[in-house]
Amino acid sequence: MKLLVNNIIVPYFDTKKDTLRLPPLQKAIWQIDIWSVHCSQKFQTWMKEFHLTIVLQFMPSGCTSILQPYDVGIQWVFKHSLKHSYHADIITMMTTQIEHGVENLVFDKCHGFL
């Protein structure tokens, strides 16, 4: 998520502010869905600490197809592939721990996201 924000979202907003001749401290609204990573305290705290000019606005559940048609029509394929890849990673993580005799398996669902 940090890479997305730092490498795509922030440069996009900065370019738009420059194009529109807005001050660098002009706030921008980022309308996002209520994905668990977006709603996490860790992510929101990080955003408030490092990106003060970006205001998060959460869309209500079930409104993605209305408010983000691109998300449904084009990104679905990518997200579907990502879920399958994530599932494979979890299986590999658990299998590796079992093969190494780990008794208390660790399921690290946040590793790599933040």
# chains A, B, ... in the order shown; residues from 1 in each chain; ligands from 1
$ select_by_dssp --residues "chain A" --states "alpha helix (DSSP H)" --output "PDB file with N, CA and C atoms, in the first residue's frame"
ATOM      1  N   LYS A   2       1.948   1.202   0.772  1.00  0.00           N
ATOM      2  CA  LYS A   2       2.834   2.364   0.816  1.00  0.00           C
ATOM      3  C   LYS A   2       3.386   2.690  -0.562  1.00  0.00           C
ATOM      4  N   LEU A   3       3.770   1.655  -1.304  1.00  0.00           N
ATOM      5  CA  LEU A   3       4.300   1.880  -2.643  1.00  0.00           C
ATOM      6  C   LEU A   3       3.252   2.513  -3.555  1.00  0.00           C
ATOM      7  N   LEU A   4       2.021   2.033  -3.481  1.00  0.00           N
ATOM      8  CA  LEU A   4       0.940   2.607  -4.280  1.00  0.00           C
ATOM      9  C   LEU A   4       0.769   4.086  -3.957  1.00  0.00           C
ATOM     10  N   VAL A  10       0.368   9.935  -4.671  1.00  0.00           N
ATOM     11  CA  VAL A  10       0.966  11.244  -4.350  1.00  0.00           C
ATOM     12  C   VAL A  10       1.467  11.958  -5.607  1.00  0.00           C
ATOM     13  N   PRO A  11       2.235  11.290  -6.499  1.00  0.00           N
ATOM     14  CA  PRO A  11       2.660  11.987  -7.715  1.00  0.00           C
ATOM     15  C   PRO A  11       1.480  12.462  -8.576  1.00  0.00           C
ATOM     16  N   TYR A  12       0.413  11.668  -8.608  1.00  0.00           N
ATOM     17  CA  TYR A  12      -0.767  12.070  -9.379  1.00  0.00           C
ATOM     18  C   TYR A  12      -1.359  13.357  -8.805  1.00  0.00           C
ATOM     19  N   PHE A  13      -1.570  13.368  -7.490  1.00  0.00           N
ATOM     20  CA  PHE A  13      -2.129  14.567  -6.864  1.00  0.00           C
ATOM     21  C   PHE A  13      -1.189  15.764  -7.027  1.00  0.00           C
ATOM     22  N   ASP A  14       0.104  15.548  -6.887  1.00  0.00           N
ATOM     23  CA  ASP A  14       1.076  16.641  -7.046  1.00  0.00           C
ATOM     24  C   ASP A  14       1.036  17.215  -8.456  1.00  0.00           C
ATOM     25  N   THR A  15       0.936  16.350  -9.448  1.00  0.00           N
ATOM     26  CA  THR A  15       0.867  16.798 -10.843  1.00  0.00           C
ATOM     27  C   THR A  15      -0.415  17.596 -11.083  1.00  0.00           C
ATOM     28  N   LYS A  16      -1.524  17.096 -10.555  1.00  0.00           N
ATOM     29  CA  LYS A  16      -2.801  17.807 -10.721  1.00  0.00           C
ATOM     30  C   LYS A  16      -2.758  19.186 -10.051  1.00  0.00           C
ATOM     31  N   LYS A  17      -2.172  19.258  -8.850  1.00  0.00           N
ATOM     32  CA  LYS A  17      -2.064  20.550  -8.158  1.00  0.00           C
ATOM     33  C   LYS A  17      -1.224  21.519  -8.980  1.00  0.00           C
ATOM     34  N   ASP A  18      -0.126  21.015  -9.534  1.00  0.00           N
ATOM     35  CA  ASP A  18       0.750  21.845 -10.359  1.00  0.00           C
ATOM     36  C   ASP A  18       0.019  22.318 -11.611  1.00  0.00           C
ATOM     37  N   THR A  19      -0.683  21.407 -12.276  1.00  0.00           N
ATOM     38  CA  THR A  19      -1.433  21.745 -13.494  1.00  0.00           C
ATOM     39  C   THR A  19      -2.497  22.801 -13.213  1.00  0.00           C
ATOM     40  N   SER A  36     -10.162  -4.044   3.964  1.00  0.00           N
ATOM     41  CA  SER A  36      -9.645  -4.108   5.335  1.00  0.00           C
ATOM     42  C   SER A  36      -8.318  -3.378   5.502  1.00  0.00           C
ATOM     43  N   VAL A  37      -7.450  -3.396   4.495  1.00  0.00           N
ATOM     44  CA  VAL A  37      -6.172  -2.678   4.602  1.00  0.00           C
ATOM     45  C   VAL A  37      -6.422  -1.177   4.651  1.00  0.00           C
ATOM     46  N   HIS A  38      -7.341  -0.676   3.827  1.00  0.00           N
ATOM     47  CA  HIS A  38      -7.653   0.757   3.843  1.00  0.00           C
ATOM     48  C   HIS A  38      -8.209   1.196   5.194  1.00  0.00           C
ATOM     49  N   CYS A  39      -9.019   0.340   5.795  1.00  0.00           N
ATOM     50  CA  CYS A  39      -9.679   0.686   7.061  1.00  0.00           C
ATOM     51  C   CYS A  39      -8.803   0.448   8.284  1.00  0.00           C
ATOM     52  N   GLN A  41      -6.156   0.642  11.215  1.00  0.00           N
ATOM     53  CA  GLN A  41      -5.606   1.749  11.992  1.00  0.00           C
ATOM     54  C   GLN A  41      -4.171   2.041  11.568  1.00  0.00           C
ATOM     55  N   LYS A  42      -3.434   0.984  11.257  1.00  0.00           N
ATOM     56  CA  LYS A  42      -2.030   1.125  10.847  1.00  0.00           C
ATOM     57  C   LYS A  42      -1.920   1.977   9.578  1.00  0.00           C
ATOM     58  N   PHE A  43      -2.744   1.674   8.580  1.00  0.00           N
ATOM     59  CA  PHE A  43      -2.708   2.424   7.324  1.00  0.00           C
ATOM     60  C   PHE A  43      -3.171   3.859   7.524  1.00  0.00           C
ATOM     61  N   GLN A  44      -4.265   4.038   8.245  1.00  0.00           N
ATOM     62  CA  GLN A  44      -4.794   5.389   8.454  1.00  0.00           C
ATOM     63  C   GLN A  44      -3.827   6.255   9.258  1.00  0.00           C
ATOM     64  N   THR A  45      -3.175   5.663  10.247  1.00  0.00           N
ATOM     65  CA  THR A  45      -2.174   6.405  11.039  1.00  0.00           C
ATOM     66  C   THR A  45      -1.001   6.802  10.152  1.00  0.00           C
ATOM     67  N   TRP A  46      -0.547   5.873   9.315  1.00  0.00           N
ATOM     68  CA  TRP A  46       0.562   6.161   8.405  1.00  0.00           C
ATOM     69  C   TRP A  46       0.185   7.292   7.451  1.00  0.00           C
ATOM     70  N   MET A  47      -1.015   7.257   6.902  1.00  0.00           N
ATOM     71  CA  MET A  47      -1.465   8.315   5.989  1.00  0.00           C
ATOM     72  C   MET A  47      -1.476   9.671   6.690  1.00  0.00           C
ATOM     73  N   LYS A  48      -1.992   9.708   7.918  1.00  0.00           N
ATOM     74  CA  LYS A  48      -2.060  10.972   8.658  1.00  0.00           C
ATOM     75  C   LYS A  48      -0.672  11.494   9.010  1.00  0.00           C
ATOM     76  N   GLU A  49       0.270  10.582   9.218  1.00  0.00           N
ATOM     77  CA  GLU A  49       1.628  10.984   9.586  1.00  0.00           C
ATOM     78  C   GLU A  49       2.445  11.472   8.383  1.00  0.00           C
ATOM     79  N   PHE A  50       2.304  10.798   7.245  1.00  0.00           N
ATOM     80  CA  PHE A  50       3.172  11.093   6.108  1.00  0.00           C
ATOM     81  C   PHE A  50       2.489  11.811   4.942  1.00  0.00           C
ATOM     82  N   THR A  64     -19.182   0.052  -4.995  1.00  0.00           N
ATOM     83  CA  THR A  64     -18.046   0.085  -5.899  1.00  0.00           C
ATOM     84  C   THR A  64     -18.484   0.122  -7.361  1.00  0.00           C
ATOM     85  N   SER A  65     -19.456  -0.694  -7.731  1.00  0.00           N
ATOM     86  CA  SER A  65     -19.883  -0.741  -9.136  1.00  0.00           C
ATOM     87  C   SER A  65     -20.499   0.576  -9.595  1.00  0.00           C
ATOM     88  N   ILE A  66     -21.029   1.347  -8.680  1.00  0.00           N
ATOM     89  CA  ILE A  66     -21.649   2.632  -9.019  1.00  0.00           C
ATOM     90  C   ILE A  66     -20.614   3.750  -9.048  1.00  0.00           C
ATOM     91  N   LEU A  67     -19.767   3.780  -8.011  1.00  0.00           N
ATOM     92  CA  LEU A  67     -18.821   4.879  -7.863  1.00  0.00           C
ATOM     93  C   LEU A  67     -17.456   4.621  -8.496  1.00  0.00           C
ATOM     94  N   PRO A  69     -16.738   2.303 -11.565  1.00  0.00           N
ATOM     95  CA  PRO A  69     -16.997   1.297 -12.600  1.00  0.00           C
ATOM     96  C   PRO A  69     -15.713   0.715 -13.194  1.00  0.00           C
ATOM     97  N   TYR A  70     -14.646   1.493 -13.258  1.00  0.00           N
ATOM     98  CA  TYR A  70     -13.362   0.992 -13.756  1.00  0.00           C
ATOM     99  C   TYR A  70     -12.876  -0.162 -12.885  1.00  0.00           C
ATOM    100  N   ASP A  71     -13.106  -0.027 -11.589  1.00  0.00           N
ATOM    101  CA  ASP A  71     -12.681  -1.053 -10.636  1.00  0.00           C
ATOM    102  C   ASP A  71     -13.374  -2.382 -10.924  1.00  0.00           C
ATOM    103  N   VAL A  72     -14.621  -2.322 -11.288  1.00  0.00           N
ATOM    104  CA  VAL A  72     -15.393  -3.541 -11.542  1.00  0.00           C
ATOM    105  C   VAL A  72     -15.112  -4.083 -12.939  1.00  0.00           C
ATOM    106  N   GLY A  73     -15.073  -3.224 -13.936  1.00  0.00           N
ATOM    107  CA  GLY A  73     -14.964  -3.667 -15.315  1.00  0.00           C
ATOM    108  C   GLY A  73     -13.576  -4.052 -15.771  1.00  0.00           C
ATOM    109  N   GLN A  75     -10.310  -3.726 -13.511  1.00  0.00           N
ATOM    110  CA  GLN A  75      -9.390  -4.198 -12.481  1.00  0.00           C
ATOM    111  C   GLN A  75      -9.792  -5.544 -11.892  1.00  0.00           C
ATOM    112  N   TRP A  76     -10.995  -5.991 -12.149  1.00  0.00           N
ATOM    113  CA  TRP A  76     -11.457  -7.256 -11.580  1.00  0.00           C
ATOM    114  C   TRP A  76     -10.524  -8.400 -11.951  1.00  0.00           C
ATOM    115  N   VAL A  77     -10.102  -8.438 -13.208  1.00  0.00           N
ATOM    116  CA  VAL A  77      -9.222  -9.517 -13.669  1.00  0.00           C
ATOM    117  C   VAL A  77      -7.926  -9.509 -12.872  1.00  0.00           C
ATOM    118  N   PHE A  78      -7.350  -8.335 -12.697  1.00  0.00           N
ATOM    119  CA  PHE A  78      -6.112  -8.210 -11.931  1.00  0.00           C
ATOM    120  C   PHE A  78      -6.322  -8.626 -10.475  1.00  0.00           C
ATOM    121  N   LYS A  79      -7.384  -8.151  -9.864  1.00  0.00           N
ATOM    122  CA  LYS A  79      -7.654  -8.482  -8.464  1.00  0.00           C
ATOM    123  C   LYS A  79      -7.915  -9.976  -8.285  1.00  0.00           C
ATOM    124  N   HIS A  80      -8.605 -10.565  -9.232  1.00  0.00           N
ATOM    125  CA  HIS A  80      -8.878 -11.995  -9.173  1.00  0.00           C
ATOM    126  C   HIS A  80      -7.564 -12.782  -9.219  1.00  0.00           C
ATOM    127  N   SER A  81      -6.684 -12.388 -10.107  1.00  0.00           N
ATOM    128  CA  SER A  81      -5.366 -13.020 -10.211  1.00  0.00           C
ATOM    129  C   SER A  81      -4.570 -12.833  -8.924  1.00  0.00           C
ATOM    130  N   LEU A  82      -4.658 -11.643  -8.345  1.00  0.00           N
ATOM    131  CA  LEU A  82      -3.948 -11.347  -7.097  1.00  0.00           C
ATOM    132  C   LEU A  82      -4.442 -12.235  -5.958  1.00  0.00           C
ATOM    133  N   LYS A  83      -5.741 -12.458  -5.890  1.00  0.00           N
ATOM    134  CA  LYS A  83      -6.294 -13.325  -4.847  1.00  0.00           C
ATOM    135  C   LYS A  83      -5.765 -14.744  -4.978  1.00  0.00           C
ATOM    136  N   HIS A  84      -5.717 -15.235  -6.212  1.00  0.00           N
ATOM    137  CA  HIS A  84      -5.196 -16.589  -6.430  1.00  0.00           C
ATOM    138  C   HIS A  84      -3.722 -16.677  -6.039  1.00  0.00           C
ATOM    139  N   SER A  85      -2.968 -15.650  -6.375  1.00  0.00           N
ATOM    140  CA  SER A  85      -1.548 -15.615  -6.030  1.00  0.00           C
ATOM    141  C   SER A  85      -1.366 -15.559  -4.513  1.00  0.00           C
ATOM    142  N   TYR A  86      -2.190 -14.744  -3.855  1.00  0.00           N
ATOM    143  CA  TYR A  86      -2.130 -14.610  -2.398  1.00  0.00           C
ATOM    144  C   TYR A  86      -2.459 -15.956  -1.744  1.00  0.00           C
ATOM    145  N   HIS A  87      -3.451 -16.628  -2.265  1.00  0.00           N
ATOM    146  CA  HIS A  87      -3.844 -17.938  -1.743  1.00  0.00           C
ATOM    147  C   HIS A  87      -2.686 -18.927  -1.866  1.00  0.00           C
ATOM    148  N   ALA A  88      -2.022 -18.921  -3.018  1.00  0.00           N
ATOM    149  CA  ALA A  88      -0.866 -19.801  -3.225  1.00  0.00           C
ATOM    150  C   ALA A  88       0.260 -19.468  -2.245  1.00  0.00           C
ATOM    151  N   ASP A  89       0.468 -18.178  -2.003  1.00  0.00           N
ATOM    152  CA  ASP A  89       1.509 -17.762  -1.047  1.00  0.00           C
ATOM    153  C   ASP A  89       1.200 -18.262   0.362  1.00  0.00           C
ATOM    154  N   ILE A  90      -0.071 -18.197   0.754  1.00  0.00           N
ATOM    155  CA  ILE A  90      -0.463 -18.666   2.086  1.00  0.00           C
ATOM    156  C   ILE A  90      -0.218 -20.163   2.209  1.00  0.00           C
ATOM    157  N   ILE A  91      -0.592 -20.908   1.182  1.00  0.00           N
ATOM    158  CA  ILE A  91      -0.369 -22.359   1.205  1.00  0.00           C
ATOM    159  C   ILE A  91       1.122 -22.660   1.316  1.00  0.00           C
ATOM    160  N   THR A  92       1.947 -21.944   0.555  1.00  0.00           N
ATOM    161  CA  THR A  92       3.398 -22.128   0.618  1.00  0.00           C
ATOM    162  C   THR A  92       3.929 -21.791   2.010  1.00  0.00           C
ATOM    163  N   MET A  93       3.441 -20.694   2.588  1.00  0.00           N
ATOM    164  CA  MET A  93       3.875 -20.273   3.924  1.00  0.00           C
ATOM    165  C   MET A  93       3.552 -21.348   4.965  1.00  0.00           C
ATOM    166  N   MET A  94       2.339 -21.853   4.931  1.00  0.00           N
ATOM    167  CA  MET A  94       1.923 -22.862   5.902  1.00  0.00           C
ATOM    168  C   MET A  94       2.664 -24.187   5.675  1.00  0.00           C
ATOM    169  N   THR A  95       2.778 -24.597   4.419  1.00  0.00           N
ATOM    170  CA  THR A  95       3.462 -25.853   4.091  1.00  0.00           C
ATOM    171  C   THR A  95       4.924 -25.809   4.531  1.00  0.00           C
ATOM    172  N   THR A  96       5.591 -24.712   4.288  1.00  0.00           N
ATOM    173  CA  THR A  96       6.999 -24.551   4.683  1.00  0.00           C
ATOM    174  C   THR A  96       7.149 -24.662   6.194  1.00  0.00           C
ATOM    175  N   GLN A  97       6.252 -24.025   6.929  1.00  0.00           N
ATOM    176  CA  GLN A  97       6.317 -24.097   8.393  1.00  0.00           C
ATOM    177  C   GLN A  97       6.102 -25.538   8.870  1.00  0.00           C
ATOM    178  N   ILE A  98       5.152 -26.231   8.277  1.00  0.00           N
ATOM    179  CA  ILE A  98       4.876 -27.620   8.657  1.00  0.00           C
ATOM    180  C   ILE A  98       6.086 -28.497   8.347  1.00  0.00           C
ATOM    181  N   GLU A  99       6.675 -28.304   7.176  1.00  0.00           N
ATOM    182  CA  GLU A  99       7.849 -29.098   6.785  1.00  0.00           C
ATOM    183  C   GLU A  99       9.044 -28.864   7.710  1.00  0.00           C
TER     184      GLU A  99
END
$ select_by_dssp --residues "chain A" --states "strand (DSSP E)" --output "list of chain:residue names"
A:Ala28, A:Ile29, A:Trp30, A:Gln31, A:Ile32, A:Ile54, A:Val55, A:Leu56, A:Gln57, A:Phe58
$ write_last_selection --atoms "N, CA and C atoms" --output "tab-separated table (two decimals), in the first residue's frame"
chain	number	residue	atom	x	y	z
A	28	ALA	N	-6.33	17.06	-0.97
A	28	ALA	CA	-6.96	16.29	-2.04
A	28	ALA	C	-7.74	15.14	-1.41
A	29	ILE	N	-8.87	14.83	-1.99
A	29	ILE	CA	-9.70	13.73	-1.49
A	29	ILE	C	-9.39	12.47	-2.29
A	30	TRP	N	-9.09	11.40	-1.57
A	30	TRP	CA	-8.88	10.10	-2.20
A	30	TRP	C	-10.06	9.22	-1.79
A	31	GLN	N	-10.93	8.94	-2.74
A	31	GLN	CA	-12.12	8.14	-2.46
A	31	GLN	C	-11.78	6.67	-2.68
A	32	ILE	N	-11.82	5.90	-1.59
A	32	ILE	CA	-11.44	4.49	-1.65
A	32	ILE	C	-12.51	3.61	-1.03
A	54	ILE	N	-3.67	14.48	1.99
A	54	ILE	CA	-4.61	13.52	1.38
A	54	ILE	C	-5.68	13.16	2.41
A	55	VAL	N	-6.91	13.43	2.06
A	55	VAL	CA	-8.05	13.14	2.92
A	55	VAL	C	-8.70	11.86	2.40
A	56	LEU	N	-8.78	10.85	3.26
A	56	LEU	CA	-9.41	9.59	2.87
A	56	LEU	C	-10.92	9.71	2.99
A	57	GLN	N	-11.62	9.30	1.95
A	57	GLN	CA	-13.08	9.27	1.98
A	57	GLN	C	-13.49	7.86	1.58
A	58	PHE	N	-14.16	7.17	2.49
A	58	PHE	CA	-14.53	5.78	2.25
A	58	PHE	C	-15.90	5.68	1.61
$ atom_distance --atom1 "atom CA of A:Met1" --atom2 "atom CA of A:Ile34"
13.9 Å
$ decode --residues "stretch 64-108 of chain A" --atoms "N, CA and C atoms" --output "PDB file, in the first residue's frame"
ATOM      1  N   THR A  64     -19.182   0.052  -4.995  1.00  0.00           N
ATOM      2  CA  THR A  64     -18.046   0.085  -5.899  1.00  0.00           C
ATOM      3  C   THR A  64     -18.484   0.122  -7.361  1.00  0.00           C
ATOM      4  N   SER A  65     -19.456  -0.694  -7.731  1.00  0.00           N
ATOM      5  CA  SER A  65     -19.883  -0.741  -9.136  1.00  0.00           C
ATOM      6  C   SER A  65     -20.499   0.576  -9.595  1.00  0.00           C
ATOM      7  N   ILE A  66     -21.029   1.347  -8.680  1.00  0.00           N
ATOM      8  CA  ILE A  66     -21.649   2.632  -9.019  1.00  0.00           C
ATOM      9  C   ILE A  66     -20.614   3.750  -9.048  1.00  0.00           C
ATOM     10  N   LEU A  67     -19.767   3.780  -8.011  1.00  0.00           N
ATOM     11  CA  LEU A  67     -18.821   4.879  -7.863  1.00  0.00           C
ATOM     12  C   LEU A  67     -17.456   4.621  -8.496  1.00  0.00           C
ATOM     13  N   GLN A  68     -17.138   3.348  -8.770  1.00  0.00           N
ATOM     14  CA  GLN A  68     -15.861   3.011  -9.390  1.00  0.00           C
ATOM     15  C   GLN A  68     -16.065   1.950 -10.479  1.00  0.00           C
ATOM     16  N   PRO A  69     -16.738   2.303 -11.565  1.00  0.00           N
ATOM     17  CA  PRO A  69     -16.997   1.297 -12.600  1.00  0.00           C
ATOM     18  C   PRO A  69     -15.713   0.715 -13.194  1.00  0.00           C
ATOM     19  N   TYR A  70     -14.646   1.493 -13.258  1.00  0.00           N
ATOM     20  CA  TYR A  70     -13.362   0.992 -13.756  1.00  0.00           C
ATOM     21  C   TYR A  70     -12.876  -0.162 -12.885  1.00  0.00           C
ATOM     22  N   ASP A  71     -13.106  -0.027 -11.589  1.00  0.00           N
ATOM     23  CA  ASP A  71     -12.681  -1.053 -10.636  1.00  0.00           C
ATOM     24  C   ASP A  71     -13.374  -2.382 -10.924  1.00  0.00           C
ATOM     25  N   VAL A  72     -14.621  -2.322 -11.288  1.00  0.00           N
ATOM     26  CA  VAL A  72     -15.393  -3.541 -11.542  1.00  0.00           C
ATOM     27  C   VAL A  72     -15.112  -4.083 -12.939  1.00  0.00           C
ATOM     28  N   GLY A  73     -15.073  -3.224 -13.936  1.00  0.00           N
ATOM     29  CA  GLY A  73     -14.964  -3.667 -15.315  1.00  0.00           C
ATOM     30  C   GLY A  73     -13.576  -4.052 -15.771  1.00  0.00           C
ATOM     31  N   ILE A  74     -12.541  -3.410 -15.264  1.00  0.00           N
ATOM     32  CA  ILE A  74     -11.195  -3.652 -15.767  1.00  0.00           C
ATOM     33  C   ILE A  74     -10.277  -4.255 -14.711  1.00  0.00           C
ATOM     34  N   GLN A  75     -10.310  -3.726 -13.511  1.00  0.00           N
ATOM     35  CA  GLN A  75      -9.390  -4.198 -12.481  1.00  0.00           C
ATOM     36  C   GLN A  75      -9.792  -5.544 -11.892  1.00  0.00           C
ATOM     37  N   TRP A  76     -10.995  -5.991 -12.149  1.00  0.00           N
ATOM     38  CA  TRP A  76     -11.457  -7.256 -11.580  1.00  0.00           C
ATOM     39  C   TRP A  76     -10.524  -8.400 -11.951  1.00  0.00           C
ATOM     40  N   VAL A  77     -10.102  -8.438 -13.208  1.00  0.00           N
ATOM     41  CA  VAL A  77      -9.222  -9.517 -13.669  1.00  0.00           C
ATOM     42  C   VAL A  77      -7.926  -9.509 -12.872  1.00  0.00           C
ATOM     43  N   PHE A  78      -7.350  -8.335 -12.697  1.00  0.00           N
ATOM     44  CA  PHE A  78      -6.112  -8.210 -11.931  1.00  0.00           C
ATOM     45  C   PHE A  78      -6.322  -8.626 -10.475  1.00  0.00           C
ATOM     46  N   LYS A  79      -7.384  -8.151  -9.864  1.00  0.00           N
ATOM     47  CA  LYS A  79      -7.654  -8.482  -8.464  1.00  0.00           C
ATOM     48  C   LYS A  79      -7.915  -9.976  -8.285  1.00  0.00           C
ATOM     49  N   HIS A  80      -8.605 -10.565  -9.232  1.00  0.00           N
ATOM     50  CA  HIS A  80      -8.878 -11.995  -9.173  1.00  0.00           C
ATOM     51  C   HIS A  80      -7.564 -12.782  -9.219  1.00  0.00           C
ATOM     52  N   SER A  81      -6.684 -12.388 -10.107  1.00  0.00           N
ATOM     53  CA  SER A  81      -5.366 -13.020 -10.211  1.00  0.00           C
ATOM     54  C   SER A  81      -4.570 -12.833  -8.924  1.00  0.00           C
ATOM     55  N   LEU A  82      -4.658 -11.643  -8.345  1.00  0.00           N
ATOM     56  CA  LEU A  82      -3.948 -11.347  -7.097  1.00  0.00           C
ATOM     57  C   LEU A  82      -4.442 -12.235  -5.958  1.00  0.00           C
ATOM     58  N   LYS A  83      -5.741 -12.458  -5.890  1.00  0.00           N
ATOM     59  CA  LYS A  83      -6.294 -13.325  -4.847  1.00  0.00           C
ATOM     60  C   LYS A  83      -5.765 -14.744  -4.978  1.00  0.00           C
ATOM     61  N   HIS A  84      -5.717 -15.235  -6.212  1.00  0.00           N
ATOM     62  CA  HIS A  84      -5.196 -16.589  -6.430  1.00  0.00           C
ATOM     63  C   HIS A  84      -3.722 -16.677  -6.039  1.00  0.00           C
ATOM     64  N   SER A  85      -2.968 -15.650  -6.375  1.00  0.00           N
ATOM     65  CA  SER A  85      -1.548 -15.615  -6.030  1.00  0.00           C
ATOM     66  C   SER A  85      -1.366 -15.559  -4.513  1.00  0.00           C
ATOM     67  N   TYR A  86      -2.190 -14.744  -3.855  1.00  0.00           N
ATOM     68  CA  TYR A  86      -2.130 -14.610  -2.398  1.00  0.00           C
ATOM     69  C   TYR A  86      -2.459 -15.956  -1.744  1.00  0.00           C
ATOM     70  N   HIS A  87      -3.451 -16.628  -2.265  1.00  0.00           N
ATOM     71  CA  HIS A  87      -3.844 -17.938  -1.743  1.00  0.00           C
ATOM     72  C   HIS A  87      -2.686 -18.927  -1.866  1.00  0.00           C
ATOM     73  N   ALA A  88      -2.022 -18.921  -3.018  1.00  0.00           N
ATOM     74  CA  ALA A  88      -0.866 -19.801  -3.225  1.00  0.00           C
ATOM     75  C   ALA A  88       0.260 -19.468  -2.245  1.00  0.00           C
ATOM     76  N   ASP A  89       0.468 -18.178  -2.003  1.00  0.00           N
ATOM     77  CA  ASP A  89       1.509 -17.762  -1.047  1.00  0.00           C
ATOM     78  C   ASP A  89       1.200 -18.262   0.362  1.00  0.00           C
ATOM     79  N   ILE A  90      -0.071 -18.197   0.754  1.00  0.00           N
ATOM     80  CA  ILE A  90      -0.463 -18.666   2.086  1.00  0.00           C
ATOM     81  C   ILE A  90      -0.218 -20.163   2.209  1.00  0.00           C
ATOM     82  N   ILE A  91      -0.592 -20.908   1.182  1.00  0.00           N
ATOM     83  CA  ILE A  91      -0.369 -22.359   1.205  1.00  0.00           C
ATOM     84  C   ILE A  91       1.122 -22.660   1.316  1.00  0.00           C
ATOM     85  N   THR A  92       1.947 -21.944   0.555  1.00  0.00           N
ATOM     86  CA  THR A  92       3.398 -22.128   0.618  1.00  0.00           C
ATOM     87  C   THR A  92       3.929 -21.791   2.010  1.00  0.00           C
ATOM     88  N   MET A  93       3.441 -20.694   2.588  1.00  0.00           N
ATOM     89  CA  MET A  93       3.875 -20.273   3.924  1.00  0.00           C
ATOM     90  C   MET A  93       3.552 -21.348   4.965  1.00  0.00           C
ATOM     91  N   MET A  94       2.339 -21.853   4.931  1.00  0.00           N
ATOM     92  CA  MET A  94       1.923 -22.862   5.902  1.00  0.00           C
ATOM     93  C   MET A  94       2.664 -24.187   5.675  1.00  0.00           C
ATOM     94  N   THR A  95       2.778 -24.597   4.419  1.00  0.00           N
ATOM     95  CA  THR A  95       3.462 -25.853   4.091  1.00  0.00           C
ATOM     96  C   THR A  95       4.924 -25.809   4.531  1.00  0.00           C
ATOM     97  N   THR A  96       5.591 -24.712   4.288  1.00  0.00           N
ATOM     98  CA  THR A  96       6.999 -24.551   4.683  1.00  0.00           C
ATOM     99  C   THR A  96       7.149 -24.662   6.194  1.00  0.00           C
ATOM    100  N   GLN A  97       6.252 -24.025   6.929  1.00  0.00           N
ATOM    101  CA  GLN A  97       6.317 -24.097   8.393  1.00  0.00           C
ATOM    102  C   GLN A  97       6.102 -25.538   8.870  1.00  0.00           C
ATOM    103  N   ILE A  98       5.152 -26.231   8.277  1.00  0.00           N
ATOM    104  CA  ILE A  98       4.876 -27.620   8.657  1.00  0.00           C
ATOM    105  C   ILE A  98       6.086 -28.497   8.347  1.00  0.00           C
ATOM    106  N   GLU A  99       6.675 -28.304   7.176  1.00  0.00           N
ATOM    107  CA  GLU A  99       7.849 -29.098   6.785  1.00  0.00           C
ATOM    108  C   GLU A  99       9.044 -28.864   7.710  1.00  0.00           C
ATOM    109  N   HIS A 100       9.131 -27.671   8.293  1.00  0.00           N
ATOM    110  CA  HIS A 100      10.227 -27.341   9.204  1.00  0.00           C
ATOM    111  C   HIS A 100       9.873 -27.648  10.667  1.00  0.00           C
ATOM    112  N   GLY A 101       8.761 -28.280  10.885  1.00  0.00           N
ATOM    113  CA  GLY A 101       8.387 -28.717  12.224  1.00  0.00           C
ATOM    114  C   GLY A 101       7.886 -27.626  13.154  1.00  0.00           C
ATOM    115  N   VAL A 102       7.440 -26.529  12.591  1.00  0.00           N
ATOM    116  CA  VAL A 102       6.901 -25.449  13.427  1.00  0.00           C
ATOM    117  C   VAL A 102       5.594 -25.928  14.047  1.00  0.00           C
ATOM    118  N   GLU A 103       5.516 -25.839  15.384  1.00  0.00           N
ATOM    119  CA  GLU A 103       4.311 -26.312  16.075  1.00  0.00           C
ATOM    120  C   GLU A 103       3.202 -25.272  16.089  1.00  0.00           C
ATOM    121  N   ASN A 104       3.552 -24.030  16.302  1.00  0.00           N
ATOM    122  CA  ASN A 104       2.569 -22.946  16.324  1.00  0.00           C
ATOM    123  C   ASN A 104       2.692 -22.175  15.011  1.00  0.00           C
ATOM    124  N   LEU A 105       1.886 -22.546  14.050  1.00  0.00           N
ATOM    125  CA  LEU A 105       1.954 -21.916  12.739  1.00  0.00           C
ATOM    126  C   LEU A 105       1.627 -20.433  12.821  1.00  0.00           C
ATOM    127  N   VAL A 106       2.354 -19.644  12.039  1.00  0.00           N
ATOM    128  CA  VAL A 106       2.158 -18.188  12.014  1.00  0.00           C
ATOM    129  C   VAL A 106       1.546 -17.815  10.673  1.00  0.00           C
ATOM    130  N   PHE A 107       0.409 -17.170  10.731  1.00  0.00           N
ATOM    131  CA  PHE A 107      -0.276 -16.704   9.529  1.00  0.00           C
ATOM    132  C   PHE A 107      -0.108 -15.190   9.466  1.00  0.00           C
ATOM    133  N   ASP A 108       0.835 -14.734   8.654  1.00  0.00           N
ATOM    134  CA  ASP A 108       1.155 -13.311   8.554  1.00  0.00           C
ATOM    135  C   ASP A 108       0.428 -12.710   7.367  1.00  0.00           C
TER     136      ASP A 108
END
